[in-house]
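**Student:** This is the structure I want to talk about, given as structure tokens.
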Amino acid sequence: MLVDAKMIAVVTGIPGTGKTTVANKAMDLLRKEGIDYEMVTYGTVMIEIAKSKGIVGNRDDMRKLDSETQRMIQELAAENIAGMEGNILVDTHCTIKTPRGYLPGLPEWVLRKLKPDAVILIEATPKEISTRRGCDKSRSRDDESVEWIALHQEMNRNISAAYSVFTGATVKVIQNPQGKIEEAAEAMAEVLR
């Protein structure tokens, strides 16, 4: 079955869940059925906009911007993505862990412009995530306990429910246990069909 109307879906998951791997496999499955998605990383769109306006020179400069400028760039990124042709899979953070608490990755002003149809959370057990992070030497990640990983995933679920309230988007939680990538990808493809 082909998607008749444009779909915007958000995929998220804390580092170590296998989000990108699941998303890529799901898109491969859909391509074989004639359904195409473009994966867009929200943060990359923000940086491209900020660079084009001469606001930042690199990714690290983004963190130094005042909140009003950040908000403007977030809104422009949402408008940019919403205006793209075809089916879009937005790769972003559901929540951002800060010293003061968790921030929504997609604040209300972004959601109202982006208007996603679905929010997909990729999860794994906190112990699996901890193990995966420990084995991934290509990244520099915060050392979090299994309990903090569980809390972060719980916060993502809660924030996703709030996203749904603002947009009417469905929320799907997909488990990605070790060795079950095909099942997780099929579950994601089902949402995107």
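By order of appearance in the structure tokens: chains A, B, ..., then residues from 1 within every chain, and ligands from 1 in the order shown.
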Would you give me, as a Markdown table, each residue of segment 95-168 of chain A having an atom within 12 Å of an atom of segment 70-87 of chain A, along with its shortest atom pair and that distance in Å to one decimal, using only C-alpha atoms and sorting by chain and residue number?

**Tutor:**
| residue | atom | partner | partner_atom | distance |
| --- | --- | --- | --- | --- |
| A:Gly105 | CA | A:Gln74 | CA | 9.9 |
| A:Leu106 | CA | A:Gln74 | CA | 8.5 |
| A:Pro107 | CA | A:Gln74 | CA | 8.8 |
| A:Glu108 | CA | A:Glu75 | CA | 10.0 |
| A:Trp109 | CA | A:Glu75 | CA | 6.7 |
| A:Val110 | CA | A:Glu75 | CA | 5.5 |
| A:Leu111 | CA | A:Ala78 | CA | 7.6 |
| A:Arg112 | CA | A:Ala78 | CA | 8.7 |
| A:Lys113 | CA | A:Ala78 | CA | 5.7 |
| A:Leu114 | CA | A:Ala78 | CA | 4.9 |
| A:Lys115 | CA | A:Ala82 | CA | 7.4 |
| A:Pro116 | CA | A:Ala82 | CA | 8.6 |
| A:Asp117 | CA | A:Asn87 | CA | 10.6 |
| A:Ala118 | CA | A:Asn87 | CA | 11.8 |

**Student:** List the neighbours of Arg63 of chain A out to 12 Å using only C-alpha atoms; skip same-chain residues closer than 3 positions along the sequence, and give me the result as a PDB file with N, CA and C atoms, in the first residue's frame.

**Tutor:**
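selection_37.pdb, written as the output of this step:
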ATOM      1  N   GLY A  43      18.411  19.047  14.192  1.00  0.00           N
ATOM      2  CA  GLY A  43      19.528  19.895  14.588  1.00  0.00           C
ATOM      3  C   GLY A  43      20.364  20.361  13.410  1.00  0.00           C
ATOM      4  N   MET A  46      18.590  23.198  11.755  1.00  0.00           N
ATOM      5  CA  MET A  46      18.779  24.418  12.552  1.00  0.00           C
ATOM      6  C   MET A  46      20.144  25.051  12.286  1.00  0.00           C
ATOM      7  N   ILE A  47      21.175  24.237  12.265  1.00  0.00           N
ATOM      8  CA  ILE A  47      22.530  24.756  12.044  1.00  0.00           C
ATOM      9  C   ILE A  47      22.655  25.368  10.654  1.00  0.00           C
ATOM     10  N   ALA A  50      21.001  28.757  10.725  1.00  0.00           N
ATOM     11  CA  ALA A  50      21.804  29.721  11.492  1.00  0.00           C
ATOM     12  C   ALA A  50      23.052  30.139  10.723  1.00  0.00           C
ATOM     13  N   ILE A  55      24.579  33.718  11.738  1.00  0.00           N
ATOM     14  CA  ILE A  55      24.423  33.751  13.199  1.00  0.00           C
ATOM     15  C   ILE A  55      25.476  32.896  13.888  1.00  0.00           C
ATOM     16  N   VAL A  56      25.841  31.766  13.271  1.00  0.00           N
ATOM     17  CA  VAL A  56      26.857  30.876  13.841  1.00  0.00           C
ATOM     18  C   VAL A  56      27.847  30.473  12.757  1.00  0.00           C
ATOM     19  N   GLY A  57      29.010  30.042  13.217  1.00  0.00           N
ATOM     20  CA  GLY A  57      30.015  29.536  12.298  1.00  0.00           C
ATOM     21  C   GLY A  57      30.098  28.032  12.321  1.00  0.00           C
ATOM     22  N   ASN A  58      29.677  27.414  13.456  1.00  0.00           N
ATOM     23  CA  ASN A  58      29.743  25.957  13.580  1.00  0.00           C
ATOM     24  C   ASN A  58      28.714  25.466  14.604  1.00  0.00           C
ATOM     25  N   ARG A  59      28.602  24.160  14.723  1.00  0.00           N
ATOM     26  CA  ARG A  59      27.620  23.517  15.596  1.00  0.00           C
ATOM     27  C   ARG A  59      27.768  23.956  17.055  1.00  0.00           C
ATOM     28  N   ASP A  60      28.987  24.088  17.525  1.00  0.00           N
ATOM     29  CA  ASP A  60      29.210  24.451  18.926  1.00  0.00           C
ATOM     30  C   ASP A  60      28.696  25.850  19.257  1.00  0.00           C
ATOM     31  N   ASP A  66      21.381  33.174  22.547  1.00  0.00           N
ATOM     32  CA  ASP A  66      20.345  33.518  23.523  1.00  0.00           C
ATOM     33  C   ASP A  66      19.054  32.772  23.170  1.00  0.00           C
ATOM     34  N   SER A  67      18.165  32.662  24.152  1.00  0.00           N
ATOM     35  CA  SER A  67      16.965  31.837  23.969  1.00  0.00           C
ATOM     36  C   SER A  67      16.049  32.372  22.872  1.00  0.00           C
ATOM     37  N   THR A  69      16.937  33.898  20.059  1.00  0.00           N
ATOM     38  CA  THR A  69      17.520  33.502  18.774  1.00  0.00           C
ATOM     39  C   THR A  69      17.350  32.007  18.548  1.00  0.00           C
ATOM     40  N   GLN A  70      17.554  31.212  19.592  1.00  0.00           N
ATOM     41  CA  GLN A  70      17.334  29.757  19.495  1.00  0.00           C
ATOM     42  C   GLN A  70      15.900  29.475  19.044  1.00  0.00           C
ATOM     43  N   THR A  98      19.504  18.433  30.801  1.00  0.00           N
ATOM     44  CA  THR A  98      20.339  19.568  31.174  1.00  0.00           C
ATOM     45  C   THR A  98      20.560  19.534  32.686  1.00  0.00           C
TER      46      THR A  98
END

**Student:** Would you please extract all strand (DSSP E) residues from segment 106-156 of chain A, as assigned by DSSP on the backbone, and give them as a PDB file with C-alpha atoms, in the first residue's frame?

**Tutor:**
ATOM      1  CA  ALA A 118       3.401  10.241  14.235  1.00  0.00           C
ATOM      2  CA  VAL A 119       6.004  10.160  16.975  1.00  0.00           C
ATOM      3  CA  ILE A 120       8.060   6.977  17.162  1.00  0.00           C
ATOM      4  CA  LEU A 121      10.167   6.209  20.227  1.00  0.00           C
ATOM      5  CA  ILE A 122      12.874   3.582  19.869  1.00  0.00           C
ATOM      6  CA  GLU A 123      13.753   1.974  23.195  1.00  0.00           C
TER       7      GLU A 123
END

**Student:** Show me, as a list in words, the residues that have an atom within 12 Å of Ala189 of chain A when counting only C-alpha atoms, minus same-chain residues fewer than 6 positions from it.

**Tutor:**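 Neighbouring residues, sequence-local ones excluded: Met1, Val3, Ala9, Val11, Val22, Ala23, Asn24, Lys25, Ala26, Met27, Asp28, Leu29, Leu30, Arg31, Lys32, Glu33, Ile35, Asp36, Tyr37, Leu89, Ala118, Ile120, Lys172, Ile174, Glu182 and Glu183 of chain A.
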
**Student:** Those residues with C-alpha atoms, as a compact mmCIF listing (two decimals), in the first residue's frame please?

**Tutor:**
# COMPACT_ATOMS: atom_id res chain seq x y z
CA MET A 1 0.00 0.00 0.00
CA VAL A 3 1.03 6.46 1.24
CA ALA A 9 6.95 11.37 11.37
CA VAL A 11 11.73 9.32 15.36
CA VAL A 22 16.18 0.88 13.10
CA ALA A 23 15.13 3.93 11.05
CA ASN A 24 17.48 3.09 8.18
CA LYS A 25 16.29 -0.53 8.06
CA ALA A 26 12.65 0.57 8.18
CA MET A 27 13.20 2.97 5.28
CA ASP A 28 14.91 0.17 3.31
CA LEU A 29 11.84 -2.02 3.83
CA LEU A 30 9.52 0.76 2.70
CA ARG A 31 11.64 1.56 -0.37
CA LYS A 32 11.17 -2.03 -1.53
CA GLU A 33 7.41 -1.35 -1.41
CA ILE A 35 7.32 4.15 -0.31
CA ASP A 36 10.05 6.76 0.04
CA TYR A 37 11.00 8.82 3.06
CA LEU A 89 11.22 11.25 8.89
CA ALA A 118 3.40 10.24 14.23
CA ILE A 120 8.06 6.98 17.16
CA LYS A 172 4.36 4.40 19.05
CA ILE A 174 9.11 0.29 19.64
CA GLU A 182 14.44 -6.72 11.90
CA GLU A 183 11.37 -6.88 14.16

**Student:** Considering only C-alpha atoms, return as a list in words whatever protein or nucleic-acid residues lie within 8 Å of segment 125-134 of chain A, sequence-local ones (same chain, fewer than 5 positions apart) excluded.

**Tutor:** Pro15, Gly16, Thr17, Arg141, Glu144, Ser145, Val146, Glu147, Ile149, Ala150, Pro177 and Gln178 of chain A

**Student:** When DSSP is applied to the backbone of this structure, which of chain A are assigned helix (DSSP H, G or I)? Write them out as a short mmCIF file (atom, residue, chain, number, x, y, z; two decimals) with N, CA and C atoms, in the first residue's frame.

**Tutor:**
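Final output, result25.cif:
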data_model
loop_
_atom_site.label_atom_id
_atom_site.label_comp_id
_atom_site.auth_asym_id
_atom_site.auth_seq_id
_atom_site.Cartn_x
_atom_site.Cartn_y
_atom_site.Cartn_z
N LYS A 19 18.35 3.82 17.40
CA LYS A 19 17.36 4.59 16.64
C LYS A 19 17.72 4.72 15.16
N THR A 20 18.93 5.14 14.87
CA THR A 20 19.32 5.37 13.48
C THR A 20 19.35 4.06 12.70
N THR A 21 19.84 3.00 13.31
CA THR A 21 19.89 1.70 12.64
C THR A 21 18.48 1.20 12.33
N VAL A 22 17.57 1.31 13.31
CA VAL A 22 16.18 0.88 13.10
C VAL A 22 15.55 1.72 12.00
N ALA A 23 15.74 3.05 12.05
CA ALA A 23 15.13 3.93 11.05
C ALA A 23 15.63 3.62 9.65
N ASN A 24 16.94 3.41 9.50
CA ASN A 24 17.48 3.09 8.18
C ASN A 24 16.94 1.78 7.64
N LYS A 25 16.84 0.77 8.51
CA LYS A 25 16.29 -0.53 8.06
C LYS A 25 14.82 -0.42 7.70
N ALA A 26 14.07 0.37 8.48
CA ALA A 26 12.65 0.57 8.18
C ALA A 26 12.48 1.26 6.83
N MET A 27 13.30 2.27 6.57
CA MET A 27 13.20 2.97 5.28
C MET A 27 13.59 2.06 4.13
N ASP A 28 14.56 1.16 4.34
CA ASP A 28 14.91 0.17 3.31
C ASP A 28 13.72 -0.73 3.00
N LEU A 29 13.02 -1.19 4.03
CA LEU A 29 11.84 -2.02 3.83
C LEU A 29 10.78 -1.28 3.03
N LEU A 30 10.54 -0.03 3.38
CA LEU A 30 9.52 0.76 2.70
C LEU A 30 9.90 1.04 1.25
N ARG A 31 11.18 1.31 1.00
CA ARG A 31 11.64 1.56 -0.37
C ARG A 31 11.32 0.38 -1.28
N LYS A 32 11.48 -0.83 -0.75
CA LYS A 32 11.17 -2.03 -1.53
C LYS A 32 9.69 -2.10 -1.90
N TYR A 42 16.82 17.22 12.67
CA TYR A 42 16.32 18.54 13.04
C TYR A 42 17.46 19.51 13.38
N GLY A 43 18.41 19.05 14.19
CA GLY A 43 19.53 19.90 14.59
C GLY A 43 20.36 20.36 13.41
N THR A 44 20.52 19.51 12.41
CA THR A 44 21.28 19.88 11.22
C THR A 44 20.57 20.99 10.45
N VAL A 45 19.24 20.89 10.35
CA VAL A 45 18.48 21.94 9.67
C VAL A 45 18.63 23.26 10.43
N MET A 46 18.59 23.20 11.76
CA MET A 46 18.78 24.42 12.55
C MET A 46 20.14 25.05 12.29
N ILE A 47 21.18 24.24 12.26
CA ILE A 47 22.53 24.76 12.04
C ILE A 47 22.65 25.37 10.65
N GLU A 48 22.09 24.70 9.64
CA GLU A 48 22.16 25.23 8.28
C GLU A 48 21.48 26.59 8.19
N ILE A 49 20.35 26.74 8.87
CA ILE A 49 19.64 28.02 8.86
C ILE A 49 20.47 29.10 9.56
N ALA A 50 21.00 28.76 10.73
CA ALA A 50 21.80 29.72 11.49
C ALA A 50 23.05 30.14 10.72
N LYS A 51 23.69 29.20 10.05
CA LYS A 51 24.88 29.53 9.24
C LYS A 51 24.49 30.43 8.06
N SER A 52 23.37 30.11 7.40
CA SER A 52 22.95 30.91 6.24
C SER A 52 22.62 32.34 6.62
N ARG A 59 28.60 24.16 14.72
CA ARG A 59 27.62 23.52 15.60
C ARG A 59 27.77 23.96 17.05
N ASP A 60 28.99 24.09 17.53
CA ASP A 60 29.21 24.45 18.93
C ASP A 60 28.70 25.85 19.26
N ASP A 61 28.66 26.73 18.28
CA ASP A 61 28.15 28.09 18.51
C ASP A 61 26.66 28.10 18.85
N MET A 62 25.93 27.09 18.43
CA MET A 62 24.48 27.04 18.67
C MET A 62 24.15 27.09 20.16
N ARG A 63 24.95 26.43 20.97
CA ARG A 63 24.68 26.38 22.41
C ARG A 63 24.85 27.74 23.08
N LYS A 64 25.57 28.64 22.43
CA LYS A 64 25.87 29.94 23.02
C LYS A 64 24.84 31.01 22.67
N SER A 67 18.17 32.66 24.15
CA SER A 67 16.97 31.84 23.97
C SER A 67 16.05 32.37 22.87
N GLU A 68 15.98 33.69 22.70
CA GLU A 68 15.12 34.25 21.64
C GLU A 68 15.63 33.85 20.25
N THR A 69 16.94 33.90 20.06
CA THR A 69 17.52 33.50 18.77
C THR A 69 17.35 32.01 18.55
N GLN A 70 17.55 31.21 19.59
CA GLN A 70 17.33 29.76 19.50
C GLN A 70 15.90 29.47 19.04
N ARG A 71 14.95 30.15 19.69
CA ARG A 71 13.54 29.92 19.36
C ARG A 71 13.25 30.28 17.90
N MET A 72 13.79 31.41 17.44
CA MET A 72 13.58 31.82 16.06
C MET A 72 14.11 30.76 15.09
N ILE A 73 15.30 30.24 15.38
CA ILE A 73 15.90 29.23 14.51
C ILE A 73 15.09 27.93 14.56
N GLN A 74 14.63 27.56 15.75
CA GLN A 74 13.79 26.36 15.87
C GLN A 74 12.53 26.50 15.01
N GLU A 75 11.88 27.65 15.08
CA GLU A 75 10.66 27.86 14.30
C GLU A 75 10.94 27.82 12.80
N LEU A 76 12.03 28.46 12.38
CA LEU A 76 12.38 28.44 10.96
C LEU A 76 12.67 27.02 10.49
N ALA A 77 13.34 26.23 11.32
CA ALA A 77 13.63 24.84 10.97
C ALA A 77 12.33 24.05 10.82
N ALA A 78 11.39 24.25 11.73
CA ALA A 78 10.10 23.55 11.64
C ALA A 78 9.37 23.93 10.36
N GLU A 79 9.35 25.21 10.02
CA GLU A 79 8.71 25.67 8.78
C GLU A 79 9.40 25.05 7.56
N ASN A 80 10.73 25.02 7.60
CA ASN A 80 11.51 24.46 6.50
C ASN A 80 11.16 22.99 6.29
N ILE A 81 11.15 22.23 7.37
CA ILE A 81 10.87 20.79 7.27
C ILE A 81 9.43 20.55 6.83
N ALA A 82 8.50 21.29 7.42
CA ALA A 82 7.08 21.12 7.06
C ALA A 82 6.84 21.43 5.59
N GLU A 108 6.44 23.52 22.05
CA GLU A 108 5.10 23.76 21.49
C GLU A 108 5.15 24.58 20.21
N TRP A 109 5.96 25.63 20.17
CA TRP A 109 6.01 26.49 18.98
C TRP A 109 6.58 25.75 17.77
N VAL A 110 7.39 24.75 18.00
CA VAL A 110 7.92 23.92 16.91
C VAL A 110 6.85 22.94 16.44
N LEU A 111 6.20 22.29 17.39
CA LEU A 111 5.17 21.30 17.05
C LEU A 111 4.05 21.91 16.22
N ARG A 112 3.63 23.10 16.57
CA ARG A 112 2.52 23.74 15.85
C ARG A 112 2.88 24.02 14.39
N LYS A 113 4.15 24.24 14.11
CA LYS A 113 4.57 24.48 12.72
C LYS A 113 4.92 23.18 12.00
N LEU A 114 5.53 22.25 12.71
CA LEU A 114 5.95 20.98 12.11
C LEU A 114 4.76 20.07 11.82
N PRO A 126 17.28 -0.45 29.80
CA PRO A 126 18.37 0.41 30.28
C PRO A 126 19.71 -0.33 30.37
N LYS A 127 19.69 -1.59 30.74
CA LYS A 127 20.94 -2.35 30.83
C LYS A 127 21.56 -2.52 29.44
N GLU A 128 20.73 -2.84 28.42
CA GLU A 128 21.24 -2.96 27.05
C GLU A 128 21.82 -1.64 26.55
N ILE A 129 21.13 -0.55 26.86
CA ILE A 129 21.61 0.76 26.43
C ILE A 129 22.96 1.06 27.05
N SER A 130 23.08 0.79 28.33
CA SER A 130 24.35 1.02 29.03
C SER A 130 25.48 0.20 28.40
N THR A 131 25.19 -1.05 28.09
CA THR A 131 26.19 -1.92 27.46
C THR A 131 26.56 -1.40 26.08
N ARG A 132 25.58 -1.03 25.28
CA ARG A 132 25.84 -0.52 23.92
C ARG A 132 26.69 0.75 23.99
N ARG A 133 26.36 1.63 24.90
CA ARG A 133 27.14 2.87 25.03
C ARG A 133 28.59 2.56 25.40
N GLY A 134 28.76 1.61 26.28
CA GLY A 134 30.11 1.24 26.71
C GLY A 134 30.95 0.66 25.59
N CYS A 135 30.30 0.01 24.63
CA CYS A 135 31.01 -0.62 23.51
C CYS A 135 31.26 0.35 22.36
N VAL A 146 22.05 2.88 35.05
CA VAL A 146 20.86 2.22 34.49
C VAL A 146 19.59 2.94 34.95
N GLU A 147 19.59 3.41 36.19
CA GLU A 147 18.42 4.12 36.72
C GLU A 147 18.18 5.44 35.98
N TRP A 148 19.27 6.18 35.69
CA TRP A 148 19.12 7.44 34.96
C TRP A 148 18.69 7.21 33.52
N ILE A 149 19.16 6.14 32.92
CA ILE A 149 18.73 5.78 31.57
C ILE A 149 17.23 5.47 31.57
N ALA A 150 16.77 4.72 32.56
CA ALA A 150 15.34 4.40 32.68
C ALA A 150 14.51 5.68 32.84
N LEU A 151 15.00 6.60 33.67
CA LEU A 151 14.28 7.86 33.87
C LEU A 151 14.21 8.66 32.57
N HIS A 152 15.32 8.70 31.83
CA HIS A 152 15.33 9.45 30.57
C HIS A 152 14.32 8.86 29.59
N GLN A 153 14.24 7.55 29.50
CA GLN A 153 13.25 6.93 28.60
C GLN A 153 11.83 7.22 29.08
N GLU A 154 11.62 7.22 30.40
CA GLU A 154 10.30 7.55 30.95
C GLU A 154 9.93 9.00 30.61
N MET A 155 10.89 9.91 30.73
CA MET A 155 10.63 11.30 30.37
C MET A 155 10.28 11.42 28.89
N ASN A 156 10.97 10.67 28.03
CA ASN A 156 10.65 10.69 26.61
C ASN A 156 9.21 10.24 26.35
N ARG A 157 8.78 9.21 27.06
CA ARG A 157 7.39 8.75 26.89
C ARG A 157 6.40 9.84 27.31
N ASN A 158 6.69 10.47 28.44
CA ASN A 158 5.79 11.51 28.94
C ASN A 158 5.73 12.70 27.99
N ILE A 159 6.88 13.14 27.53
CA ILE A 159 6.92 14.28 26.61
C ILE A 159 6.25 13.93 25.28
N SER A 160 6.43 12.70 24.82
CA SER A 160 5.77 12.27 23.57
C SER A 160 4.26 12.34 23.70
N ALA A 161 3.74 11.97 24.87
CA ALA A 161 2.29 12.07 25.09
C ALA A 161 1.85 13.53 24.99
N ALA A 162 2.66 14.44 25.53
CA ALA A 162 2.33 15.86 25.42
C ALA A 162 2.39 16.31 23.96
N TYR A 163 3.38 15.83 23.21
CA TYR A 163 3.45 16.15 21.78
C TYR A 163 2.15 15.75 21.08
N SER A 164 1.64 14.58 21.43
CA SER A 164 0.42 14.08 20.83
C SER A 164 -0.77 15.00 21.15
N VAL A 165 -0.82 15.50 22.36
CA VAL A 165 -1.91 16.40 22.75
C VAL A 165 -1.91 17.66 21.88
N PHE A 166 -0.72 18.21 21.61
CA PHE A 166 -0.63 19.43 20.81
C PHE A 166 -0.95 19.20 19.34
N THR A 167 -0.63 18.02 18.81
CA THR A 167 -0.67 17.81 17.36
C THR A 167 -1.69 16.78 16.89
N ILE A 181 16.70 -6.46 15.49
CA ILE A 181 16.60 -5.25 14.69
C ILE A 181 15.54 -5.37 13.59
N GLU A 182 15.42 -6.55 12.98
CA GLU A 182 14.44 -6.72 11.90
C GLU A 182 13.01 -6.52 12.39
N GLU A 183 12.71 -7.04 13.59
CA GLU A 183 11.37 -6.88 14.16
C GLU A 183 11.09 -5.42 14.48
N ALA A 184 12.09 -4.74 15.03
CA ALA A 184 11.92 -3.32 15.36
C ALA A 184 11.72 -2.50 14.08
N ALA A 185 12.48 -2.80 13.05
CA ALA A 185 12.35 -2.08 11.77
C ALA A 185 10.99 -2.32 11.15
N GLU A 186 10.50 -3.54 11.20
CA GLU A 186 9.17 -3.83 10.66
C GLU A 186 8.09 -3.09 11.43
N ALA A 187 8.21 -3.02 12.75
CA ALA A 187 7.24 -2.29 13.56
C ALA A 187 7.24 -0.80 13.19
N MET A 188 8.42 -0.25 12.93
CA MET A 188 8.51 1.15 12.53
C MET A 188 7.94 1.34 11.12
N ALA A 189 8.26 0.44 10.22
CA ALA A 189 7.73 0.54 8.85
C ALA A 189 6.21 0.51 8.86
N GLU A 190 5.63 -0.27 9.75
CA GLU A 190 4.17 -0.36 9.85
C GLU A 190 3.56 1.00 10.18
N VAL A 191 4.21 1.76 11.05
CA VAL A 191 3.72 3.09 11.40
C VAL A 191 3.83 4.03 10.20
N LEU A 192 4.87 3.88 9.41
CA LEU A 192 5.16 4.79 8.32
C LEU A 192 4.42 4.47 7.03
#

**Student:** So how far away is atom CA of Ile96 of chain A from atom CA of Met39 of chain A, in Å?

**Tutor:**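 Atom CA of Ile96 of chain A lies 20.3 Å from atom CA of Met39 of chain A.
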
**Student:** My list of candidates is A:Gly34, A:Gly13, A:Gly54, A:Gly18. Which is closest to His93 of chain A when distances are computed with only C-alpha atoms?

**Tutor:**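 Ranked by minimum distance to His93 of chain A, first place goes to A:Gly13.
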
**Student:** Provide the atom CA of Gln175 of chain A to atom CA of Gly101 of chain A distance in Å, to one decimal place.

**Tutor:**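 Those two atoms sit 25.1 Å apart.
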
**Student:** Just to confirm, what's the straight-line distance from atom CA of Ile8 of chain A to atom CA of Gly179 of chain A in Å (one decimal)?

**Tutor:**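 The value is 28.3 Å.
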